[in-house]
Amino acid sequence: MVPATHFKLNTGAQIPAVGLGTWRSEPGQVRQAVSFALENGYTHIDAAFSANTSNSSSFTGQSDLSRALLPANPDGTRSIDRSWDQNETWRQMEEVYKAGKVKAIGVANWSISYLEALEKKWTVVPAVNQVELHPFLPQHALKEWCDKRGILLEAYSPLGSEGAPLLSDPAIQEIAKKNDVSAATILVSYHVNRGVVVLPKSIKESRIVSNSQVIALSSADMDALNGLAAQGKAKRINTPLFVWDLGFDDWYKQ
Ligand code: A2P
């Protein structure tokens, strides 16, 4: 079967299945990377939180731009008001959506326990939930929970973030060899075949192009990729950065 190029949001709108990740791109590099991506077929840019990526906001008019914002202090640490009820933030976002000021609203890094609390109050179901997702962190239970409610998952750090450590995994390399593609193509394709938006990050032009390639994977390959975490390879890469327990079972406890 030909892999999807777009998925349908619960708003009825279409979202491109592959978007350019920009988290951790250095200032200056991100503008060039986004500009190159837009000139080479990308219509979906993920502008992740960080002062480094704020430059990409100038591209809003040209693409389906998604943003995951978390306020930061001038020294780069997270600015968190622990007394604030985040469900109230969602209510305010719902107002913005209902006023027609945005096309869709979604969340990022929300675990099932957080979503269950929000579900009691939401009047608009989040369109997306962007989380760390890859074969070492497949989040099967979260995927099932979100699927049932029409929430589309988006995968950040699909290659394992900085240095792309998943590319050197022997099992992933074997699947790549069998399909005669790169390990990066397997890791990107994994999500699209699973019905998940994927946001590979690169500042290198050749990789930006190659990371947009998606192939159809057999159910045997998908089963193998879906089973890697349970075979002892489970690994969450980004946890300590948040300094906050987000309610995932495997969350780093301080
Ligand atoms: P660079 O930006 O220099 O290309 P993730 O998408 O999981 O966050 O991974 C991003 C990391 O993977 C970055 O270090 C990025 O480096 C690197 N990377 C992105 N695409 C590829 C690729 N096709 N092959 C090897 N490394 C890649």
# chains A, B, ... in the order shown; residues from 1 in each chain; ligands from 1
>>> residues_around(residues="stretch 100-111 of chain A", least_positions_apart="2", cutoff="8 Å", atoms="only C-alpha atoms", output="list in words")
Thr11, Ala68, Met93, Glu94, Val96, Tyr97, Lys98, Ser113, Tyr114, Leu115, Pro126, Ala127, Val128, Asn129, Gln130, Val131, Glu132, Leu142, Leu246, Gly247 and Phe248 of chain A
>>> write_last_selection(atoms="N, CA, C and O atoms", output="short mmCIF file (atom, residue, chain, number, x, y, z; two decimals), in the first residue's frame")
data_model
loop_
_atom_site.label_atom_id
_atom_site.label_comp_id
_atom_site.auth_asym_id
_atom_site.auth_seq_id
_atom_site.Cartn_x
_atom_site.Cartn_y
_atom_site.Cartn_z
N THR A 11 -10.39 18.04 13.15
CA THR A 11 -11.07 19.26 12.69
C THR A 11 -11.54 19.11 11.25
O THR A 11 -12.24 19.98 10.73
N ALA A 68 5.37 24.10 19.49
CA ALA A 68 5.24 23.58 20.83
C ALA A 68 5.94 24.58 21.74
O ALA A 68 7.15 24.66 21.75
N MET A 93 -7.29 28.11 25.29
CA MET A 93 -6.98 27.75 23.90
C MET A 93 -8.27 27.39 23.15
O MET A 93 -8.42 27.70 21.97
N GLU A 94 -9.18 26.74 23.86
CA GLU A 94 -10.47 26.42 23.23
C GLU A 94 -11.20 27.69 22.79
O GLU A 94 -11.81 27.75 21.72
N VAL A 96 -9.82 30.48 21.88
CA VAL A 96 -9.13 30.99 20.69
C VAL A 96 -9.59 30.21 19.45
O VAL A 96 -9.87 30.77 18.40
N TYR A 97 -9.69 28.88 19.63
CA TYR A 97 -10.13 28.01 18.52
C TYR A 97 -11.57 28.34 18.13
O TYR A 97 -11.89 28.49 16.95
N LYS A 98 -12.43 28.46 19.15
CA LYS A 98 -13.86 28.70 18.87
C LYS A 98 -14.09 30.07 18.23
O LYS A 98 -15.04 30.27 17.50
N SER A 113 -2.40 9.92 31.90
CA SER A 113 -2.98 10.43 33.15
C SER A 113 -3.30 11.93 33.03
O SER A 113 -4.34 12.38 33.52
N TYR A 114 -2.47 12.68 32.38
CA TYR A 114 -2.78 14.11 32.17
C TYR A 114 -3.99 14.27 31.25
O TYR A 114 -4.86 15.10 31.48
N LEU A 115 -4.01 13.45 30.20
CA LEU A 115 -5.12 13.56 29.23
C LEU A 115 -6.45 13.16 29.88
O LEU A 115 -7.49 13.75 29.59
N PRO A 126 -8.26 17.70 21.75
CA PRO A 126 -7.00 18.11 21.09
C PRO A 126 -6.88 17.44 19.71
O PRO A 126 -7.22 16.27 19.56
N ALA A 127 -6.38 18.18 18.74
CA ALA A 127 -6.20 17.61 17.40
C ALA A 127 -4.97 16.72 17.37
O ALA A 127 -4.95 15.70 16.68
N VAL A 128 -3.95 17.12 18.10
CA VAL A 128 -2.69 16.35 18.10
C VAL A 128 -2.10 16.29 19.51
O VAL A 128 -2.41 17.13 20.36
N ASN A 129 -1.25 15.30 19.72
CA ASN A 129 -0.42 15.23 20.92
C ASN A 129 0.99 14.91 20.43
O ASN A 129 1.23 13.82 19.90
N GLN A 130 1.88 15.86 20.58
CA GLN A 130 3.26 15.65 20.09
C GLN A 130 4.12 15.13 21.24
O GLN A 130 4.21 15.76 22.29
N VAL A 131 4.72 13.97 21.03
CA VAL A 131 5.51 13.33 22.08
C VAL A 131 6.78 12.72 21.49
O VAL A 131 6.88 12.55 20.27
N GLU A 132 7.73 12.40 22.37
CA GLU A 132 8.90 11.62 21.92
C GLU A 132 8.40 10.24 21.52
O GLU A 132 7.72 9.56 22.29
N LEU A 142 -0.45 4.86 24.93
CA LEU A 142 -0.83 6.25 24.60
C LEU A 142 -1.41 6.33 23.19
O LEU A 142 -2.40 7.03 22.95
N LEU A 246 5.82 14.46 34.00
CA LEU A 246 4.67 14.60 33.11
C LEU A 246 3.75 13.39 33.15
O LEU A 246 2.83 13.28 32.33
N GLY A 247 3.98 12.47 34.06
CA GLY A 247 3.02 11.39 34.29
C GLY A 247 3.20 10.15 33.43
O GLY A 247 2.37 9.25 33.47
N PHE A 248 4.29 10.08 32.67
CA PHE A 248 4.55 8.86 31.90
C PHE A 248 5.12 7.80 32.85
O PHE A 248 5.87 8.14 33.77
#
>>> residues_near_ligand(ligand="ligand 1", cutoff="7 Å", atoms="only C-alpha atoms and all ligand atoms", output="list in words")
Gly21, Ser25, Tyr156, Ser157, Pro158, Leu159, Gly160, Ser161, Glu162, Gly163, Ala164, Ala184, Leu199, Pro200, Lys201, Ser202, Ile203, Lys204, Arg207, Ile208, Ser210 and Asn211 of chain A
>>> write_last_selection(atoms="N, CA and C atoms", output="PDB file, in the first residue's frame")
ATOM      1  N   GLY A  21      11.625  18.869  11.744  1.00  0.00           N
ATOM      2  CA  GLY A  21      11.876  19.192  13.145  1.00  0.00           C
ATOM      3  C   GLY A  21      12.943  20.266  13.230  1.00  0.00           C
ATOM      4  N   SER A  25      18.095  23.071  16.730  1.00  0.00           N
ATOM      5  CA  SER A  25      18.870  23.672  15.641  1.00  0.00           C
ATOM      6  C   SER A  25      19.427  25.002  16.149  1.00  0.00           C
ATOM      7  N   TYR A 156       8.288  13.427  17.909  1.00  0.00           N
ATOM      8  CA  TYR A 156       9.550  14.171  17.871  1.00  0.00           C
ATOM      9  C   TYR A 156      10.689  13.249  18.306  1.00  0.00           C
ATOM     10  N   SER A 157      11.904  13.631  17.978  1.00  0.00           N
ATOM     11  CA  SER A 157      13.106  12.787  18.192  1.00  0.00           C
ATOM     12  C   SER A 157      12.943  11.403  17.554  1.00  0.00           C
ATOM     13  N   PRO A 158      12.470  11.324  16.321  1.00  0.00           N
ATOM     14  CA  PRO A 158      12.236  10.009  15.703  1.00  0.00           C
ATOM     15  C   PRO A 158      13.512   9.209  15.428  1.00  0.00           C
ATOM     16  N   LEU A 159      14.650   9.917  15.370  1.00  0.00           N
ATOM     17  CA  LEU A 159      15.923   9.215  15.138  1.00  0.00           C
ATOM     18  C   LEU A 159      16.687   9.020  16.447  1.00  0.00           C
ATOM     19  N   GLY A 160      16.097   9.517  17.543  1.00  0.00           N
ATOM     20  CA  GLY A 160      16.753   9.403  18.846  1.00  0.00           C
ATOM     21  C   GLY A 160      17.416  10.698  19.273  1.00  0.00           C
ATOM     22  N   SER A 161      17.074  11.799  18.593  1.00  0.00           N
ATOM     23  CA  SER A 161      17.608  13.130  18.904  1.00  0.00           C
ATOM     24  C   SER A 161      19.109  13.222  18.607  1.00  0.00           C
ATOM     25  N   GLU A 162      19.789  14.137  19.308  1.00  0.00           N
ATOM     26  CA  GLU A 162      21.194  14.484  19.027  1.00  0.00           C
ATOM     27  C   GLU A 162      22.053  13.277  18.632  1.00  0.00           C
ATOM     28  N   GLY A 163      22.638  13.323  17.457  1.00  0.00           N
ATOM     29  CA  GLY A 163      23.525  12.254  17.017  1.00  0.00           C
ATOM     30  C   GLY A 163      22.790  11.041  16.461  1.00  0.00           C
ATOM     31  N   ALA A 164      21.454  11.081  16.460  1.00  0.00           N
ATOM     32  CA  ALA A 164      20.618  10.025  15.864  1.00  0.00           C
ATOM     33  C   ALA A 164      21.032   8.610  16.283  1.00  0.00           C
ATOM     34  N   ALA A 184      17.529   5.780   8.463  1.00  0.00           N
ATOM     35  CA  ALA A 184      16.696   6.974   8.702  1.00  0.00           C
ATOM     36  C   ALA A 184      15.349   6.832   7.996  1.00  0.00           C
ATOM     37  N   LEU A 199       8.497  14.078  12.707  1.00  0.00           N
ATOM     38  CA  LEU A 199       9.178  15.368  12.603  1.00  0.00           C
ATOM     39  C   LEU A 199      10.700  15.202  12.705  1.00  0.00           C
ATOM     40  N   PRO A 200      11.335  14.569  11.701  1.00  0.00           N
ATOM     41  CA  PRO A 200      12.795  14.423  11.750  1.00  0.00           C
ATOM     42  C   PRO A 200      13.474  15.791  11.657  1.00  0.00           C
ATOM     43  N   LYS A 201      14.462  15.986  12.526  1.00  0.00           N
ATOM     44  CA  LYS A 201      15.178  17.268  12.548  1.00  0.00           C
ATOM     45  C   LYS A 201      16.515  17.142  11.829  1.00  0.00           C
ATOM     46  N   SER A 202      16.799  18.069  10.952  1.00  0.00           N
ATOM     47  CA  SER A 202      18.141  18.155  10.386  1.00  0.00           C
ATOM     48  C   SER A 202      18.397  19.572   9.903  1.00  0.00           C
ATOM     49  N   ILE A 203      19.662  19.959   9.936  1.00  0.00           N
ATOM     50  CA  ILE A 203      20.048  21.245   9.338  1.00  0.00           C
ATOM     51  C   ILE A 203      20.837  21.000   8.053  1.00  0.00           C
ATOM     52  N   LYS A 204      21.024  19.714   7.704  1.00  0.00           N
ATOM     53  CA  LYS A 204      21.821  19.383   6.508  1.00  0.00           C
ATOM     54  C   LYS A 204      20.892  19.158   5.313  1.00  0.00           C
ATOM     55  N   ARG A 207      20.120  15.642   4.069  1.00  0.00           N
ATOM     56  CA  ARG A 207      19.293  14.877   5.010  1.00  0.00           C
ATOM     57  C   ARG A 207      17.859  15.395   5.038  1.00  0.00           C
ATOM     58  N   ILE A 208      17.694  16.706   4.923  1.00  0.00           N
ATOM     59  CA  ILE A 208      16.331  17.257   4.895  1.00  0.00           C
ATOM     60  C   ILE A 208      15.564  16.622   3.739  1.00  0.00           C
ATOM     61  N   SER A 210      16.374  13.641   2.130  1.00  0.00           N
ATOM     62  CA  SER A 210      16.217  12.185   2.271  1.00  0.00           C
ATOM     63  C   SER A 210      15.264  11.827   3.412  1.00  0.00           C
ATOM     64  N   ASN A 211      15.192  12.668   4.440  1.00  0.00           N
ATOM     65  CA  ASN A 211      14.299  12.363   5.565  1.00  0.00           C
ATOM     66  C   ASN A 211      12.817  12.506   5.211  1.00  0.00           C
TER      67      ASN A 211
END
>>> atom_distance(atom1="atom CA of A:Leu167", atom2="atom CA of A:Lys8")
29.2 Å
>>> residues_around(residues="A:Leu137", least_positions_apart="2", cutoff="8 Å", atoms="only C-alpha atoms", output="PDB file with N, CA, C and O atoms, in the first residue's frame")
ATOM      1  N   GLU A 132       7.732  12.396  22.372  1.00  0.00           N
ATOM      2  CA  GLU A 132       8.898  11.624  21.918  1.00  0.00           C
ATOM      3  C   GLU A 132       8.402  10.235  21.515  1.00  0.00           C
ATOM      4  O   GLU A 132       7.719   9.564  22.295  1.00  0.00           O
ATOM      5  N   LEU A 133       8.753   9.826  20.310  1.00  0.00           N
ATOM      6  CA  LEU A 133       8.224   8.569  19.789  1.00  0.00           C
ATOM      7  C   LEU A 133       9.210   7.967  18.794  1.00  0.00           C
ATOM      8  O   LEU A 133       9.703   8.670  17.896  1.00  0.00           O
ATOM      9  N   HIS A 134       9.532   6.703  18.984  1.00  0.00           N
ATOM     10  CA  HIS A 134      10.416   5.957  18.084  1.00  0.00           C
ATOM     11  C   HIS A 134      10.359   4.506  18.523  1.00  0.00           C
ATOM     12  O   HIS A 134       9.718   4.204  19.555  1.00  0.00           O
ATOM     13  N   PRO A 135      11.005   3.585  17.823  1.00  0.00           N
ATOM     14  CA  PRO A 135      10.866   2.167  18.207  1.00  0.00           C
ATOM     15  C   PRO A 135      11.352   1.843  19.620  1.00  0.00           C
ATOM     16  O   PRO A 135      10.906   0.857  20.192  1.00  0.00           O
ATOM     17  N   GLN A 139       5.279   3.827  22.897  1.00  0.00           N
ATOM     18  CA  GLN A 139       4.107   4.364  23.599  1.00  0.00           C
ATOM     19  C   GLN A 139       2.806   3.751  23.073  1.00  0.00           C
ATOM     20  O   GLN A 139       1.865   4.465  22.719  1.00  0.00           O
ATOM     21  N   ALA A 229      11.302  -2.249  21.913  1.00  0.00           N
ATOM     22  CA  ALA A 229      11.341  -1.724  23.289  1.00  0.00           C
ATOM     23  C   ALA A 229      11.091  -2.842  24.288  1.00  0.00           C
ATOM     24  O   ALA A 229      11.779  -2.947  25.310  1.00  0.00           O
ATOM     25  N   ALA A 234      14.008  -0.467  25.490  1.00  0.00           N
ATOM     26  CA  ALA A 234      13.194   0.701  25.853  1.00  0.00           C
ATOM     27  C   ALA A 234      14.082   1.833  26.353  1.00  0.00           C
ATOM     28  O   ALA A 234      14.951   1.630  27.201  1.00  0.00           O
ATOM     29  N   LYS A 235      13.869   3.010  25.791  1.00  0.00           N
ATOM     30  CA  LYS A 235      14.690   4.158  26.194  1.00  0.00           C
ATOM     31  C   LYS A 235      13.970   5.463  25.880  1.00  0.00           C
ATOM     32  O   LYS A 235      13.576   5.706  24.741  1.00  0.00           O
ATOM     33  N   ARG A 236      13.802   6.284  26.925  1.00  0.00           N
ATOM     34  CA  ARG A 236      13.282   7.645  26.715  1.00  0.00           C
ATOM     35  C   ARG A 236      14.497   8.554  26.744  1.00  0.00           C
ATOM     36  O   ARG A 236      15.309   8.491  27.658  1.00  0.00           O
TER      37      ARG A 236
END
>>> select_by_dssp(residues="stretch 25-231 of chain A", states="helix (DSSP H, G or I)", output="PyMOL selection string")
chain A and resi 29-39+51-62+86-98+112-119+140-149+165-168+170-179+183-193+205-210+219-227+229-231
>>> residues_around(residues="A:Leu228", least_positions_apart="4", cutoff="9 Å", atoms="only C-alpha atoms", output="PyMOL selection string")
chain A and resi 135-138+171+223-224+232-234
>>> write_last_selection(atoms="all heavy atoms", output="compact mmCIF listing (two decimals), in the first residue's frame")
# COMPACT_ATOMS: atom_id res chain seq x y z
N PRO A 135 11.00 3.58 17.82
CA PRO A 135 10.87 2.17 18.21
C PRO A 135 11.35 1.84 19.62
O PRO A 135 10.91 0.86 20.19
CB PRO A 135 11.71 1.44 17.15
CG PRO A 135 11.63 2.32 15.95
CD PRO A 135 11.66 3.72 16.51
N PHE A 136 12.23 2.67 20.20
CA PHE A 136 12.64 2.41 21.59
C PHE A 136 11.63 3.00 22.58
O PHE A 136 11.71 2.74 23.78
CB PHE A 136 14.03 3.02 21.88
CG PHE A 136 15.17 2.34 21.16
CD1 PHE A 136 16.47 2.80 21.33
CD2 PHE A 136 14.96 1.24 20.32
CE1 PHE A 136 17.54 2.18 20.66
CE2 PHE A 136 16.01 0.62 19.65
CZ PHE A 136 17.30 1.09 19.82
N LEU A 137 10.73 3.81 22.09
CA LEU A 137 9.69 4.42 22.94
C LEU A 137 8.38 4.48 22.13
O LEU A 137 7.94 5.55 21.72
CB LEU A 137 10.12 5.82 23.38
CG LEU A 137 9.23 6.52 24.41
CD1 LEU A 137 9.21 5.78 25.74
CD2 LEU A 137 9.69 7.96 24.62
N PRO A 138 7.80 3.31 21.84
CA PRO A 138 6.64 3.28 20.94
C PRO A 138 5.34 3.78 21.55
O PRO A 138 4.42 4.13 20.83
CB PRO A 138 6.54 1.80 20.56
CG PRO A 138 7.20 1.05 21.67
CD PRO A 138 8.26 1.96 22.24
N ALA A 171 19.15 -4.11 14.69
CA ALA A 171 17.86 -4.60 14.19
C ALA A 171 17.27 -3.61 13.18
O ALA A 171 16.70 -4.02 12.15
CB ALA A 171 16.90 -4.80 15.36
N ASP A 223 5.96 -5.10 12.99
CA ASP A 223 5.92 -5.87 14.24
C ASP A 223 7.30 -5.88 14.89
O ASP A 223 7.43 -5.74 16.11
CB ASP A 223 5.48 -7.32 13.98
CG ASP A 223 3.99 -7.41 13.63
OD1 ASP A 223 3.28 -6.39 13.83
OD2 ASP A 223 3.55 -8.47 13.18
N ALA A 224 8.32 -6.06 14.05
CA ALA A 224 9.69 -6.09 14.59
C ALA A 224 10.04 -4.75 15.23
O ALA A 224 10.57 -4.69 16.35
CB ALA A 224 10.68 -6.41 13.47
N GLY A 232 13.95 -5.18 25.57
CA GLY A 232 15.04 -4.66 26.39
C GLY A 232 15.67 -3.38 25.86
O GLY A 232 16.62 -2.87 26.43
N LYS A 233 15.13 -2.83 24.76
CA LYS A 233 15.73 -1.61 24.21
C LYS A 233 14.97 -0.34 24.60
O LYS A 233 15.27 0.74 24.07
CB LYS A 233 15.82 -1.73 22.68
CG LYS A 233 16.81 -2.79 22.25
CD LYS A 233 16.98 -2.84 20.75
CE LYS A 233 18.03 -3.90 20.38
NZ LYS A 233 18.10 -4.13 18.94
N ALA A 234 14.01 -0.47 25.49
CA ALA A 234 13.19 0.70 25.85
C ALA A 234 14.08 1.83 26.35
O ALA A 234 14.95 1.63 27.20
CB ALA A 234 12.18 0.31 26.92
>>> closest_residue(among="A:Val188, A:Ile237, A:Val124, A:Ile80", to="A:Leu217", atoms="only C-alpha atoms")
A:Val188
>>> select_by_dssp(residues="stretch 98-185 of chain A", states="strand (DSSP E)", output="list in words")
Val107, Ala108, Val128, Asn129, Gln130, Val131, Glu132, Leu152, Leu153, Glu154, Ala155 and Tyr156 of chain A
>>> closest_residue(among="A:Arg194, A:His140, A:His44, A:Arg149", to="A:Ala230", atoms="only C-alpha atoms")
A:His140
>>> atom_distance(atom1="atom CA of A:Ala47", atom2="atom CA of A:Arg24")
10.3 Å
>>> closest_residue(among="A:Leu153, A:Ala117, A:Ala13, A:Leu187", to="A:Leu166", atoms="only C-alpha atoms")
A:Leu187
